[in-house]
Amino acid sequence: MLVVQIKPEEEILPKISSKRLFIFECLGCQEVYFPTKEVEKFIDNLKEEIVGKASLDYLCNREFVKEYIEGYSKQIKKAQIILVFSCGVGVQIVSSLLEDKIVYTCCDTLYLNGFQGLTVQEFNCDQCGECHLNYTGGICPIAQCPKHMLNGPCGGSQGGKCEVDPDVPCAWQQIVDRLAKLRRLDKLEELVTPQNWSVGLISEPPVKRLP
Amino acid sequence: MSLVDYTKFRLKPAEELRGTFKQVNRIFILSCAKCYKIFEEENEEEYTHLLDILGEDHKKIVGHAKIDFLCNNFLSEKRILNLDLSNCDSVGVNSCGLGIQFVAKLLEGKPVYALADSVWQSGDYATEIGYHGVSLEEEKCAGCSQCYLNLTGGICPITSCAKGLLNGPCGGATDGKCEVNSSLDCAWVKIHERLKKRGEKFTLESVPIRDYSRPSLKLRSDLSLQNQTLRGEGFYGGLHPLEKKGKTADKKIESFPEPKIAVIFLSQHAGRRATPSVRVGDEVKVGQKIGEADGFISSPIHSSISGKVISIEERIHPAFQSKDLAIIIENDGGNKVDPLIQPCKDFENLPKEKLLEIISERGIVGLGGAMFPTHVKLSPPKKKKIDTLIVNGCECEPYLNGDNRIMIQHPKEIFVGIRIIQGILGVERIFVAVEDNKLEAITTLNKFLDKSSSVEIVSLKTKYPQGAEKVLIKRILDREVPSKGLPLDVGVVVSNVGTVFAIYQAVVEGIPLFQRVITVSGENLAKPGNYWVKIGTPFKDIIEYCFDKKGEKFLEEYELKMGGPIMGISQTSLDSAVIKGTTGFIVLRKSPVKVSEERDCIKCGRCVEVCPMQLYPLYYSLYGSKGEPGKAIKYNVEDCMECRCCESICSSKIALLSFIKQEKEYARSSNKA
């Protein structure tokens, strides 16, 4: 699940000026904050002709979007530009289903910590493919340390805070504190094998298709 | 369906696992049951595989628990802390990195071992995070917070190009295939083709330089915190639907024109249907009793107009949506009032029994929608000690404003009603619970609040279903109604604010329940508003009055819901009529699209996240669709209060509530047997 922010008006308005619009609005994942009110305001302020608007949840579901495109086919045909309010997944789905239409998104997408699973958390998992949590007392240096240091702190932290962003606690400070509590500081003596960052480059997609 | 299985983790390599087990003596294993996959069976394949790898060392395992959605910190914490972990020296976790970090934090004093590697799902090593939406599609989004899709024809170069190039191809592609991995399409070839189809052109000048510091760590953690707080506000689960109350929030309650024909159903309460006490041809007056209660859990019915009984026939009942008996009365326009309706000045001195009799005789039932006879609710069994009354003014459904307006316009009467209930129940503590989106109501109630009384007005954070009894009790008193129990099991009576007003009217003014406040709102209405409506007013009248149109083709174009948009009941006949439990009418334009086909559960876990009763609704649909009723009982289906949070959030649009009702029915009949 992702969360969106509306793009600045000056980025969108020149692109769509005096065009006929059709709008896809994702109602978002309703248990988290989605800027529905802001979207409503943005749409209300548009001066362009709106030939139709479809609101649905889970714009990221191709099957649903297909049915909506069918249901609104007349209006979509009339429109010169399809405007989408959703996360990046939704926009990609709509534009792949309407390949010959100009599809613009009005949103920038962010993710919430912990949402690779399904609950918002203060910690994250970057799905690195080789879990290091056994060495680090269960605190992830890849997700929590901006420098992804795997063999100890960079030396730049001050008062337990990260030098990249002083609002963020230093991951390694937390790791050392946690290991000290567990009386397992000896874990730090173990050398972590180099991370295979190429897993991050597109390799075989680790996902499998379902029948 | 081109669904993709987003399995998030896999067991670590055998060598590494054996190494880990060399370090431990007694280990407890926690496995996450995995998410984002087609949900079929609870299989234990991976655990068996682990045992195989371990050989003799498997004897070190002292216990094993499988948990659904291990990263759901709220529910998992309860379950893990309930496990007996005293016997082990360490805990091994088979889950994605989130689950492992969560357990490590929760059990800070114990070594926690990762038994799995999380699987990469992204192509963007710069933001590290690969992410997909809720549905299992191939499209990915890296959450870069600087969306480039407007420039690239809706194909994301960050997640689809191995090099994450933003301003054109690298030049290494051969025959449209990526040079990093020839089994993949070159993202930039696809972008070029897409743009050509759209008649657009990619220009380098248009590409802003990527700001790799976006989103800042601070912004990300703030947003996460904000969402965490919103989620946990007041109670676990729930939704924040759009309120849409603005249209009618400031509309004073008006009297709705009297119906020419009133259709008064004999079943307007939980319990047995009333028996008609008039015959066709009889003349009746306003407020005259026309149906007798049949037993203790039942309630009498009164005429809302004066006129002649022209028929006693079956009509579509708005709540059951099946045919049910109704008394049809033709209005004579005379508005002759039943002489029995007399105000009572001396009500403060009436004994408790007399008050209960008045409430029962004047047909008062719960007006929040459940229509439970109020006299029954106010006569708890002697052995149950009631110490608290909660007056429910939450009205958490979108659109509705009836209770809100009653609180704003009749605060004094509400406090008198509360005193009457207080006299009957003998309770000391009284709370009036109002959601914080009804500021005017809160201010008004506080203005008229007798400071010396034991009534307290509590303002609650707005969230659906705040107004559910069990949620309110937990929220205000931190008492948990036991499984299958009632509020009175924890010493509480919850009464809707509209009911309190009806009690005032019945006792002080002598008026039986033959009218109520409803909100009519929704789309394309000429006269949305809050109305005093006579019970029995046909829906046709309401549509014609509020909609300015004849109602003939109405149900084809619009969806009419009695109640709020979430729990409301879709209506199929305009010949049906207002009953005591009608809180409002919501008119919504029918979508030209009907997403009808049900899909498989993909185990996204949303229903578990939103269930205020902390249930696992996905199991109800799993067993229900497999035709294995009864299995869901172990997942406490009987505690479901049918708030529909799970159904409205289901990413596969599964009709969860119908499965739940089926399972509940099964549980009820097997309990009896």
# chains A, B, ... in the order shown; residues from 1 in each chain; ligands from 1

call {"tool": "select_by_dssp", "arguments": {"residues": "region 468-623 of chain B", "states": "strand (DSSP E)", "output": "VMD selection string"}}
result
chain B and resid 492 to 496 515 to 522 529 to 534 558 to 562 569 to 570 584 to 589

call {"tool": "write_last_selection", "arguments": {"atoms": "N, CA and C atoms", "output": "mmCIF file, in the first residue's frame"}}
result
data_model
loop_
_atom_site.group_PDB
_atom_site.id
_atom_site.type_symbol
_atom_site.label_atom_id
_atom_site.label_comp_id
_atom_site.auth_asym_id
_atom_site.auth_seq_id
_atom_site.Cartn_x
_atom_site.Cartn_y
_atom_site.Cartn_z
ATOM 1 N N VAL B 492 -23.287 -2.280 31.789
ATOM 2 C CA VAL B 492 -23.534 -1.068 31.017
ATOM 3 C C VAL B 492 -24.818 -1.200 30.196
ATOM 4 N N VAL B 493 -25.562 -0.094 30.111
ATOM 5 C CA VAL B 493 -26.646 -0.017 29.142
ATOM 6 C C VAL B 493 -26.292 1.103 28.174
ATOM 7 N N VAL B 494 -26.381 0.814 26.885
ATOM 8 C CA VAL B 494 -26.111 1.832 25.874
ATOM 9 C C VAL B 494 -27.426 2.171 25.190
ATOM 10 N N SER B 495 -27.733 3.472 25.121
ATOM 11 C CA SER B 495 -28.969 3.862 24.479
ATOM 12 C C SER B 495 -28.705 4.997 23.504
ATOM 13 N N ASN B 496 -29.324 4.880 22.352
ATOM 14 C CA ASN B 496 -29.158 5.889 21.320
ATOM 15 C C ASN B 496 -29.814 7.204 21.754
ATOM 16 N N GLN B 515 -43.598 8.778 15.162
ATOM 17 C CA GLN B 515 -42.822 9.600 14.229
ATOM 18 C C GLN B 515 -41.370 9.566 14.665
ATOM 19 N N ARG B 516 -40.479 9.895 13.739
ATOM 20 C CA ARG B 516 -39.067 9.913 14.093
ATOM 21 C C ARG B 516 -38.316 10.868 13.166
ATOM 22 N N VAL B 517 -37.081 11.179 13.539
ATOM 23 C CA VAL B 517 -36.273 12.060 12.703
ATOM 24 C C VAL B 517 -35.465 11.210 11.734
ATOM 25 N N ILE B 518 -35.528 11.557 10.469
ATOM 26 C CA ILE B 518 -34.652 10.875 9.509
ATOM 27 C C ILE B 518 -33.902 11.918 8.683
ATOM 28 N N THR B 519 -32.746 11.525 8.198
ATOM 29 C CA THR B 519 -31.975 12.374 7.293
ATOM 30 C C THR B 519 -32.193 11.855 5.884
ATOM 31 N N VAL B 520 -32.526 12.751 4.978
ATOM 32 C CA VAL B 520 -32.585 12.360 3.564
ATOM 33 C C VAL B 520 -31.438 13.084 2.883
ATOM 34 N N SER B 521 -30.509 12.331 2.331
ATOM 35 C CA SER B 521 -29.345 12.970 1.738
ATOM 36 C C SER B 521 -28.803 12.098 0.615
ATOM 37 N N GLY B 522 -27.772 12.593 -0.056
ATOM 38 C CA GLY B 522 -27.190 11.829 -1.143
ATOM 39 C C GLY B 522 -26.976 12.702 -2.360
ATOM 40 N N GLY B 529 -32.387 16.970 3.662
ATOM 41 C CA GLY B 529 -32.678 17.606 4.944
ATOM 42 C C GLY B 529 -32.935 16.597 6.036
ATOM 43 N N ASN B 530 -33.277 17.152 7.206
ATOM 44 C CA ASN B 530 -33.638 16.326 8.349
ATOM 45 C C ASN B 530 -35.127 16.548 8.611
ATOM 46 N N TYR B 531 -35.865 15.487 8.702
ATOM 47 C CA TYR B 531 -37.323 15.611 8.766
ATOM 48 C C TYR B 531 -37.922 14.809 9.910
ATOM 49 N N TRP B 532 -38.977 15.368 10.496
ATOM 50 C CA TRP B 532 -39.857 14.580 11.349
ATOM 51 C C TRP B 532 -40.792 13.835 10.422
ATOM 52 N N VAL B 533 -40.676 12.544 10.385
ATOM 53 C CA VAL B 533 -41.485 11.765 9.448
ATOM 54 C C VAL B 533 -42.406 10.847 10.233
ATOM 55 N N LYS B 534 -43.649 10.758 9.781
ATOM 56 C CA LYS B 534 -44.587 9.829 10.402
ATOM 57 C C LYS B 534 -44.174 8.407 10.039
ATOM 58 N N TYR B 558 -31.096 5.004 -9.484
ATOM 59 C CA TYR B 558 -30.501 5.325 -8.195
ATOM 60 C C TYR B 558 -30.565 4.148 -7.243
ATOM 61 N N GLU B 559 -29.620 4.177 -6.328
ATOM 62 C CA GLU B 559 -29.671 3.201 -5.267
ATOM 63 C C GLU B 559 -30.225 3.907 -4.034
ATOM 64 N N LEU B 560 -31.227 3.291 -3.433
ATOM 65 C CA LEU B 560 -31.845 3.877 -2.259
ATOM 66 C C LEU B 560 -31.494 3.003 -1.066
ATOM 67 N N LYS B 561 -30.851 3.635 -0.081
ATOM 68 C CA LYS B 561 -30.469 2.858 1.091
ATOM 69 C C LYS B 561 -31.179 3.378 2.308
ATOM 70 N N MET B 562 -31.782 2.459 3.050
ATOM 71 C CA MET B 562 -32.361 2.869 4.324
ATOM 72 C C MET B 562 -31.272 2.719 5.375
ATOM 73 N N ILE B 569 -29.617 -0.623 4.271
ATOM 74 C CA ILE B 569 -30.156 -1.752 3.506
ATOM 75 C C ILE B 569 -30.687 -1.229 2.173
ATOM 76 N N SER B 570 -30.212 -1.805 1.085
ATOM 77 C CA SER B 570 -30.667 -1.383 -0.238
ATOM 78 C C SER B 570 -32.132 -1.740 -0.422
ATOM 79 N N GLY B 584 -32.350 7.039 8.223
ATOM 80 C CA GLY B 584 -32.221 7.979 7.122
ATOM 81 C C GLY B 584 -32.412 7.301 5.791
ATOM 82 N N PHE B 585 -32.412 8.121 4.764
ATOM 83 C CA PHE B 585 -32.445 7.627 3.395
ATOM 84 C C PHE B 585 -31.276 8.195 2.644
ATOM 85 N N ILE B 586 -30.516 7.352 2.048
ATOM 86 C CA ILE B 586 -29.391 7.828 1.256
ATOM 87 C C ILE B 586 -29.648 7.435 -0.188
ATOM 88 N N VAL B 587 -29.611 8.447 -1.042
ATOM 89 C CA VAL B 587 -29.858 8.220 -2.461
ATOM 90 C C VAL B 587 -28.538 8.377 -3.186
ATOM 91 N N LEU B 588 -28.097 7.326 -3.833
ATOM 92 C CA LEU B 588 -26.825 7.402 -4.548
ATOM 93 C C LEU B 588 -27.037 6.974 -5.985
ATOM 94 N N ARG B 589 -26.445 7.727 -6.887
ATOM 95 C CA ARG B 589 -26.564 7.384 -8.300
ATOM 96 C C ARG B 589 -25.902 6.025 -8.528
#

call {"tool": "residues_around", "arguments": {"residues": "Val94 (chain A)", "least_positions_apart": "3", "cutoff": "10 Å", "atoms": "only C-alpha atoms", "output": "VMD selection string"}}
result
(chain A and resid 24 59 to 62 65 to 66 69 82 to 84 89 to 91 97 to 99 101 103 to 104) or (chain B and resid 154)

call {"tool": "write_last_selection", "arguments": {"atoms": "N, CA and C atoms", "output": "PDB file, in the first residue's frame"}}
result
ATOM      1  N   PHE A  24     -10.080   9.485 -13.263  1.00  0.00           N
ATOM      2  CA  PHE A  24     -10.104   8.268 -12.437  1.00  0.00           C
ATOM      3  C   PHE A  24      -9.633   8.651 -11.059  1.00  0.00           C
ATOM      4  N   LEU A  59      -7.764   0.960  -7.581  1.00  0.00           N
ATOM      5  CA  LEU A  59      -7.427   1.251  -8.972  1.00  0.00           C
ATOM      6  C   LEU A  59      -6.235   0.397  -9.395  1.00  0.00           C
ATOM      7  N   CYS A  60      -5.586  -0.224  -8.413  1.00  0.00           N
ATOM      8  CA  CYS A  60      -4.446  -1.083  -8.724  1.00  0.00           C
ATOM      9  C   CYS A  60      -4.909  -2.462  -9.180  1.00  0.00           C
ATOM     10  N   ASN A  61      -6.212  -2.711  -9.164  1.00  0.00           N
ATOM     11  CA  ASN A  61      -6.710  -4.011  -9.589  1.00  0.00           C
ATOM     12  C   ASN A  61      -7.149  -3.941 -11.057  1.00  0.00           C
ATOM     13  N   ARG A  62      -6.369  -4.560 -11.890  1.00  0.00           N
ATOM     14  CA  ARG A  62      -6.599  -4.499 -13.326  1.00  0.00           C
ATOM     15  C   ARG A  62      -8.014  -4.915 -13.720  1.00  0.00           C
ATOM     16  N   VAL A  65     -10.486  -2.150 -13.017  1.00  0.00           N
ATOM     17  CA  VAL A  65     -10.308  -1.004 -13.905  1.00  0.00           C
ATOM     18  C   VAL A  65     -10.840  -1.326 -15.298  1.00  0.00           C
ATOM     19  N   LYS A  66     -10.596  -2.536 -15.750  1.00  0.00           N
ATOM     20  CA  LYS A  66     -11.126  -2.958 -17.052  1.00  0.00           C
ATOM     21  C   LYS A  66     -12.631  -2.748 -17.104  1.00  0.00           C
ATOM     22  N   ILE A  69     -13.521   0.892 -17.273  1.00  0.00           N
ATOM     23  CA  ILE A  69     -13.241   1.491 -18.574  1.00  0.00           C
ATOM     24  C   ILE A  69     -14.352   1.132 -19.553  1.00  0.00           C
ATOM     25  N   ILE A  82      -6.841  11.689 -19.821  1.00  0.00           N
ATOM     26  CA  ILE A  82      -7.322  10.950 -18.653  1.00  0.00           C
ATOM     27  C   ILE A  82      -6.475  11.394 -17.469  1.00  0.00           C
ATOM     28  N   LEU A  83      -7.131  11.879 -16.465  1.00  0.00           N
ATOM     29  CA  LEU A  83      -6.424  12.351 -15.281  1.00  0.00           C
ATOM     30  C   LEU A  83      -6.603  11.311 -14.171  1.00  0.00           C
ATOM     31  N   VAL A  84      -5.504  10.928 -13.550  1.00  0.00           N
ATOM     32  CA  VAL A  84      -5.608   9.873 -12.540  1.00  0.00           C
ATOM     33  C   VAL A  84      -5.133  10.381 -11.184  1.00  0.00           C
ATOM     34  N   VAL A  89       0.995   2.664  -8.985  1.00  0.00           N
ATOM     35  CA  VAL A  89       0.517   1.396  -9.543  1.00  0.00           C
ATOM     36  C   VAL A  89      -0.757   1.639 -10.332  1.00  0.00           C
ATOM     37  N   GLY A  90      -1.683   2.386  -9.752  1.00  0.00           N
ATOM     38  CA  GLY A  90      -2.953   2.680 -10.415  1.00  0.00           C
ATOM     39  C   GLY A  90      -2.746   3.375 -11.749  1.00  0.00           C
ATOM     40  N   VAL A  91      -1.858   4.350 -11.772  1.00  0.00           N
ATOM     41  CA  VAL A  91      -1.609   5.094 -13.017  1.00  0.00           C
ATOM     42  C   VAL A  91      -1.080   4.156 -14.090  1.00  0.00           C
ATOM     43  N   LEU A  97      -3.974   0.027 -19.914  1.00  0.00           N
ATOM     44  CA  LEU A  97      -5.252  -0.402 -20.480  1.00  0.00           C
ATOM     45  C   LEU A  97      -5.769   0.586 -21.519  1.00  0.00           C
ATOM     46  N   LEU A  98      -5.292   1.825 -21.460  1.00  0.00           N
ATOM     47  CA  LEU A  98      -5.712   2.837 -22.427  1.00  0.00           C
ATOM     48  C   LEU A  98      -4.470   3.336 -23.155  1.00  0.00           C
ATOM     49  N   GLU A  99      -3.866   2.446 -23.908  1.00  0.00           N
ATOM     50  CA  GLU A  99      -2.543   2.752 -24.446  1.00  0.00           C
ATOM     51  C   GLU A  99      -2.515   3.959 -25.369  1.00  0.00           C
ATOM     52  N   LYS A 101      -4.382   6.613 -25.200  1.00  0.00           N
ATOM     53  CA  LYS A 101      -4.870   7.838 -24.563  1.00  0.00           C
ATOM     54  C   LYS A 101      -3.738   8.488 -23.771  1.00  0.00           C
ATOM     55  N   VAL A 103      -2.546   9.726 -20.535  1.00  0.00           N
ATOM     56  CA  VAL A 103      -2.933   9.536 -19.139  1.00  0.00           C
ATOM     57  C   VAL A 103      -1.960  10.310 -18.266  1.00  0.00           C
ATOM     58  N   TYR A 104      -2.482  11.220 -17.473  1.00  0.00           N
ATOM     59  CA  TYR A 104      -1.606  11.966 -16.572  1.00  0.00           C
ATOM     60  C   TYR A 104      -1.959  11.663 -15.123  1.00  0.00           C
TER      61      TYR A 104
ATOM     62  N   GLY B 154       3.257   6.501 -18.815  1.00  0.00           N
ATOM     63  CA  GLY B 154       2.669   5.625 -17.806  1.00  0.00           C
ATOM     64  C   GLY B 154       3.444   4.346 -17.570  1.00  0.00           C
TER      65      GLY B 154
END

call {"tool": "residues_around", "arguments": {"residues": "Ile430 (chain B)", "least_positions_apart": "6", "cutoff": "10 Å", "atoms": "only C-alpha atoms", "output": "number ranges by chain"}}
result
B: 387-391, 418-419, 422, 453-457, 492-494

call {"tool": "write_last_selection", "arguments": {"atoms": "C-alpha atoms", "output": "PDB file, in the first residue's frame"}}
result
ATOM      1  CA  ASP B 387     -23.576   0.924  37.008  1.00  0.00           C
ATOM      2  CA  THR B 388     -23.201   2.958  33.830  1.00  0.00           C
ATOM      3  CA  LEU B 389     -25.423   4.409  31.134  1.00  0.00           C
ATOM      4  CA  ILE B 390     -23.891   5.460  27.831  1.00  0.00           C
ATOM      5  CA  VAL B 391     -26.041   7.675  25.647  1.00  0.00           C
ATOM      6  CA  ILE B 418     -31.525  10.706  30.771  1.00  0.00           C
ATOM      7  CA  ARG B 419     -32.968  11.461  34.231  1.00  0.00           C
ATOM      8  CA  GLN B 422     -31.336   7.040  35.460  1.00  0.00           C
ATOM      9  CA  SER B 453     -25.395  15.954  37.703  1.00  0.00           C
ATOM     10  CA  SER B 454     -23.327  12.877  37.095  1.00  0.00           C
ATOM     11  CA  VAL B 455     -23.605  13.249  33.332  1.00  0.00           C
ATOM     12  CA  GLU B 456     -20.392  13.637  31.391  1.00  0.00           C
ATOM     13  CA  ILE B 457     -20.196  14.635  27.741  1.00  0.00           C
ATOM     14  CA  VAL B 492     -23.534  -1.068  31.017  1.00  0.00           C
ATOM     15  CA  VAL B 493     -26.646  -0.017  29.142  1.00  0.00           C
ATOM     16  CA  VAL B 494     -26.111   1.832  25.874  1.00  0.00           C
TER      17      VAL B 494
END

call {"tool": "residues_around", "arguments": {"residues": "Cys607 (chain B)", "least_positions_apart": "5", "cutoff": "12 Å", "atoms": "only C-alpha atoms", "output": "PyMOL selection string"}}
result
(chain A and resi 29-31+118-119) or (chain B and resi 69+72+237-239+601-602+612-621+643-657)

call {"tool": "write_last_selection", "arguments": {"atoms": "N, CA and C atoms", "output": "short mmCIF file (atom, residue, chain, number, x, y, z; two decimals), in the first residue's frame"}}
result
data_model
loop_
_atom_site.label_atom_id
_atom_site.label_comp_id
_atom_site.auth_asym_id
_atom_site.auth_seq_id
_atom_site.Cartn_x
_atom_site.Cartn_y
_atom_site.Cartn_z
N CYS A 29 -6.62 3.17 -0.02
CA CYS A 29 -6.76 2.14 0.97
C CYS A 29 -7.36 2.83 2.18
N GLN A 30 -8.63 2.56 2.44
CA GLN A 30 -9.35 3.46 3.33
C GLN A 30 -8.93 3.43 4.78
N GLU A 31 -8.13 2.44 5.17
CA GLU A 31 -7.75 2.45 6.57
C GLU A 31 -6.56 3.37 6.81
N LEU A 118 1.58 -5.33 6.04
CA LEU A 118 0.34 -4.61 5.90
C LEU A 118 0.03 -3.70 7.04
N THR A 119 0.91 -3.61 7.99
CA THR A 119 0.62 -2.72 9.10
C THR A 119 1.66 -1.61 9.12
N PHE B 69 -0.51 -12.88 9.54
CA PHE B 69 -0.12 -11.48 9.55
C PHE B 69 0.68 -11.13 10.80
N ASN B 72 1.11 -7.58 11.95
CA ASN B 72 0.02 -6.83 12.58
C ASN B 72 0.31 -6.77 14.08
N GLY B 237 -8.71 -0.96 14.63
CA GLY B 237 -9.48 -1.17 13.41
C GLY B 237 -10.33 0.01 13.04
N GLY B 238 -11.33 -0.25 12.23
CA GLY B 238 -12.24 0.80 11.82
C GLY B 238 -11.78 1.52 10.55
N LEU B 239 -12.65 2.39 10.08
CA LEU B 239 -12.40 3.09 8.83
C LEU B 239 -12.60 4.59 9.02
N CYS B 601 -9.78 -14.60 -2.44
CA CYS B 601 -9.09 -13.84 -1.41
C CYS B 601 -7.59 -13.90 -1.70
N ILE B 602 -6.94 -12.74 -1.67
CA ILE B 602 -5.50 -12.73 -1.92
C ILE B 602 -4.73 -12.54 -0.63
N PRO B 612 -13.02 -4.07 14.04
CA PRO B 612 -12.95 -3.52 15.40
C PRO B 612 -13.11 -4.60 16.47
N MET B 613 -13.63 -5.77 16.08
CA MET B 613 -13.77 -6.85 17.06
C MET B 613 -12.54 -7.76 17.05
N GLN B 614 -11.54 -7.36 16.29
CA GLN B 614 -10.26 -8.10 16.22
C GLN B 614 -10.44 -9.53 15.72
N LEU B 615 -11.31 -9.68 14.74
CA LEU B 615 -11.55 -11.00 14.17
C LEU B 615 -10.73 -11.17 12.88
N TYR B 616 -10.80 -12.37 12.33
CA TYR B 616 -10.10 -12.67 11.09
C TYR B 616 -11.13 -13.02 10.02
N PRO B 617 -11.80 -12.00 9.45
CA PRO B 617 -12.91 -12.28 8.54
C PRO B 617 -12.53 -13.13 7.33
N LEU B 618 -11.27 -13.14 6.93
CA LEU B 618 -10.92 -13.90 5.72
C LEU B 618 -11.25 -15.38 5.87
N TYR B 619 -11.20 -15.89 7.10
CA TYR B 619 -11.52 -17.31 7.29
C TYR B 619 -13.00 -17.61 7.04
N TYR B 620 -13.86 -16.61 7.28
CA TYR B 620 -15.29 -16.85 7.07
C TYR B 620 -15.56 -17.07 5.59
N SER B 621 -14.89 -16.27 4.75
CA SER B 621 -15.13 -16.46 3.31
C SER B 621 -14.42 -17.72 2.82
N CYS B 643 -20.59 -4.68 11.16
CA CYS B 643 -20.38 -3.25 10.86
C CYS B 643 -19.97 -3.06 9.40
N ARG B 644 -19.65 -4.15 8.74
CA ARG B 644 -19.29 -4.14 7.31
C ARG B 644 -17.96 -3.47 6.98
N CYS B 645 -17.14 -3.20 7.96
CA CYS B 645 -15.82 -2.62 7.66
C CYS B 645 -15.06 -3.54 6.73
N CYS B 646 -15.07 -4.84 7.04
CA CYS B 646 -14.28 -5.79 6.25
C CYS B 646 -14.78 -5.85 4.83
N GLU B 647 -16.10 -5.87 4.69
CA GLU B 647 -16.66 -6.00 3.35
C GLU B 647 -16.36 -4.76 2.52
N SER B 648 -16.44 -3.59 3.15
CA SER B 648 -16.24 -2.39 2.35
C SER B 648 -14.78 -2.19 1.99
N ILE B 649 -13.88 -2.85 2.69
CA ILE B 649 -12.47 -2.65 2.36
C ILE B 649 -11.88 -3.82 1.57
N CYS B 650 -12.65 -4.88 1.40
CA CYS B 650 -12.11 -6.09 0.77
C CYS B 650 -11.57 -5.78 -0.63
N SER B 651 -10.31 -6.09 -0.85
CA SER B 651 -9.70 -5.74 -2.13
C SER B 651 -10.13 -6.71 -3.23
N SER B 652 -10.80 -7.79 -2.87
CA SER B 652 -11.31 -8.70 -3.89
C SER B 652 -12.83 -8.61 -4.00
N LYS B 653 -13.41 -7.64 -3.29
CA LYS B 653 -14.86 -7.42 -3.32
C LYS B 653 -15.63 -8.70 -2.99
N ILE B 654 -15.19 -9.39 -2.00
CA ILE B 654 -15.89 -10.60 -1.57
C ILE B 654 -17.04 -10.17 -0.66
N ALA B 655 -18.21 -10.79 -0.85
CA ALA B 655 -19.37 -10.43 -0.02
C ALA B 655 -19.21 -11.10 1.34
N LEU B 656 -18.31 -10.55 2.12
CA LEU B 656 -17.97 -11.19 3.41
C LEU B 656 -19.16 -11.32 4.33
N LEU B 657 -20.02 -10.27 4.33
CA LEU B 657 -21.10 -10.29 5.29
C LEU B 657 -22.06 -11.45 5.07
#

call {"tool": "atom_distance", "arguments": {"atom1": "CA of Gly402 (chain B)", "atom2": "CA of Ile253 (chain B)"}}
result
8.1 Å

call {"tool": "residues_around", "arguments": {"residues": "Tyr135 (chain A)", "least_positions_apart": "5", "cutoff": "12 Å", "atoms": "only C-alpha atoms", "output": "list in words"}}
result
Glu130, Cys140, Pro141, Leu150, Asn151, Gly152, Trp172, Ile175, Val176, Arg178, Leu179, Leu182, Arg184, Leu185, Asp186, Lys187, Leu188, Glu189, Glu190, Leu191, Val192 and Thr193 of chain A; Thr20, Ala104, Pro111, Val112, Tyr113 and Ala114 of chain B

call {"tool": "write_last_selection", "arguments": {"atoms": "C-alpha atoms", "output": "PDB file, in the first residue's frame"}}
result
ATOM      1  CA  GLU A 130      19.637 -11.947   2.480  1.00  0.00           C
ATOM      2  CA  CYS A 140      17.719  -3.791  10.078  1.00  0.00           C
ATOM      3  CA  PRO A 141      20.779  -1.767   9.054  1.00  0.00           C
ATOM      4  CA  LEU A 150      26.507  -3.549   7.361  1.00  0.00           C
ATOM      5  CA  ASN A 151      29.637  -3.770   9.481  1.00  0.00           C
ATOM      6  CA  GLY A 152      29.123  -1.168  12.129  1.00  0.00           C
ATOM      7  CA  TRP A 172      23.789   1.243  14.592  1.00  0.00           C
ATOM      8  CA  ILE A 175      21.730  -2.167  17.206  1.00  0.00           C
ATOM      9  CA  VAL A 176      24.536  -1.828  19.737  1.00  0.00           C
ATOM     10  CA  ARG A 178      19.873  -3.911  21.635  1.00  0.00           C
ATOM     11  CA  LEU A 179      22.807  -6.347  21.503  1.00  0.00           C
ATOM     12  CA  LEU A 182      20.922  -9.237  24.970  1.00  0.00           C
ATOM     13  CA  ARG A 184      25.512 -10.501  22.678  1.00  0.00           C
ATOM     14  CA  LEU A 185      27.879  -7.746  21.674  1.00  0.00           C
ATOM     15  CA  ASP A 186      30.203 -10.509  20.483  1.00  0.00           C
ATOM     16  CA  LYS A 187      27.907 -10.804  17.446  1.00  0.00           C
ATOM     17  CA  LEU A 188      29.568  -7.665  16.172  1.00  0.00           C
ATOM     18  CA  GLU A 189      32.855  -9.517  15.825  1.00  0.00           C
ATOM     19  CA  GLU A 190      31.372 -11.630  13.063  1.00  0.00           C
ATOM     20  CA  LEU A 191      32.121 -10.313   9.650  1.00  0.00           C
ATOM     21  CA  VAL A 192      29.049  -9.879   7.486  1.00  0.00           C
ATOM     22  CA  THR A 193      29.622 -11.130   3.974  1.00  0.00           C
TER      23      THR A 193
ATOM     24  CA  THR B  20      21.973 -20.966  13.475  1.00  0.00           C
ATOM     25  CA  ALA B 104      12.832  -8.931  18.138  1.00  0.00           C
ATOM     26  CA  PRO B 111      17.691 -13.756  21.149  1.00  0.00           C
ATOM     27  CA  VAL B 112      15.491 -13.766  18.054  1.00  0.00           C
ATOM     28  CA  TYR B 113      16.776 -15.538  14.950  1.00  0.00           C
ATOM     29  CA  ALA B 114      15.755 -14.864  11.378  1.00  0.00           C
TER      30      ALA B 114
END

call {"tool": "atom_distance", "arguments": {"atom1": "CA of Glu395 (chain B)", "atom2": "CA of Gly467 (chain B)"}}
result
6.1 Å
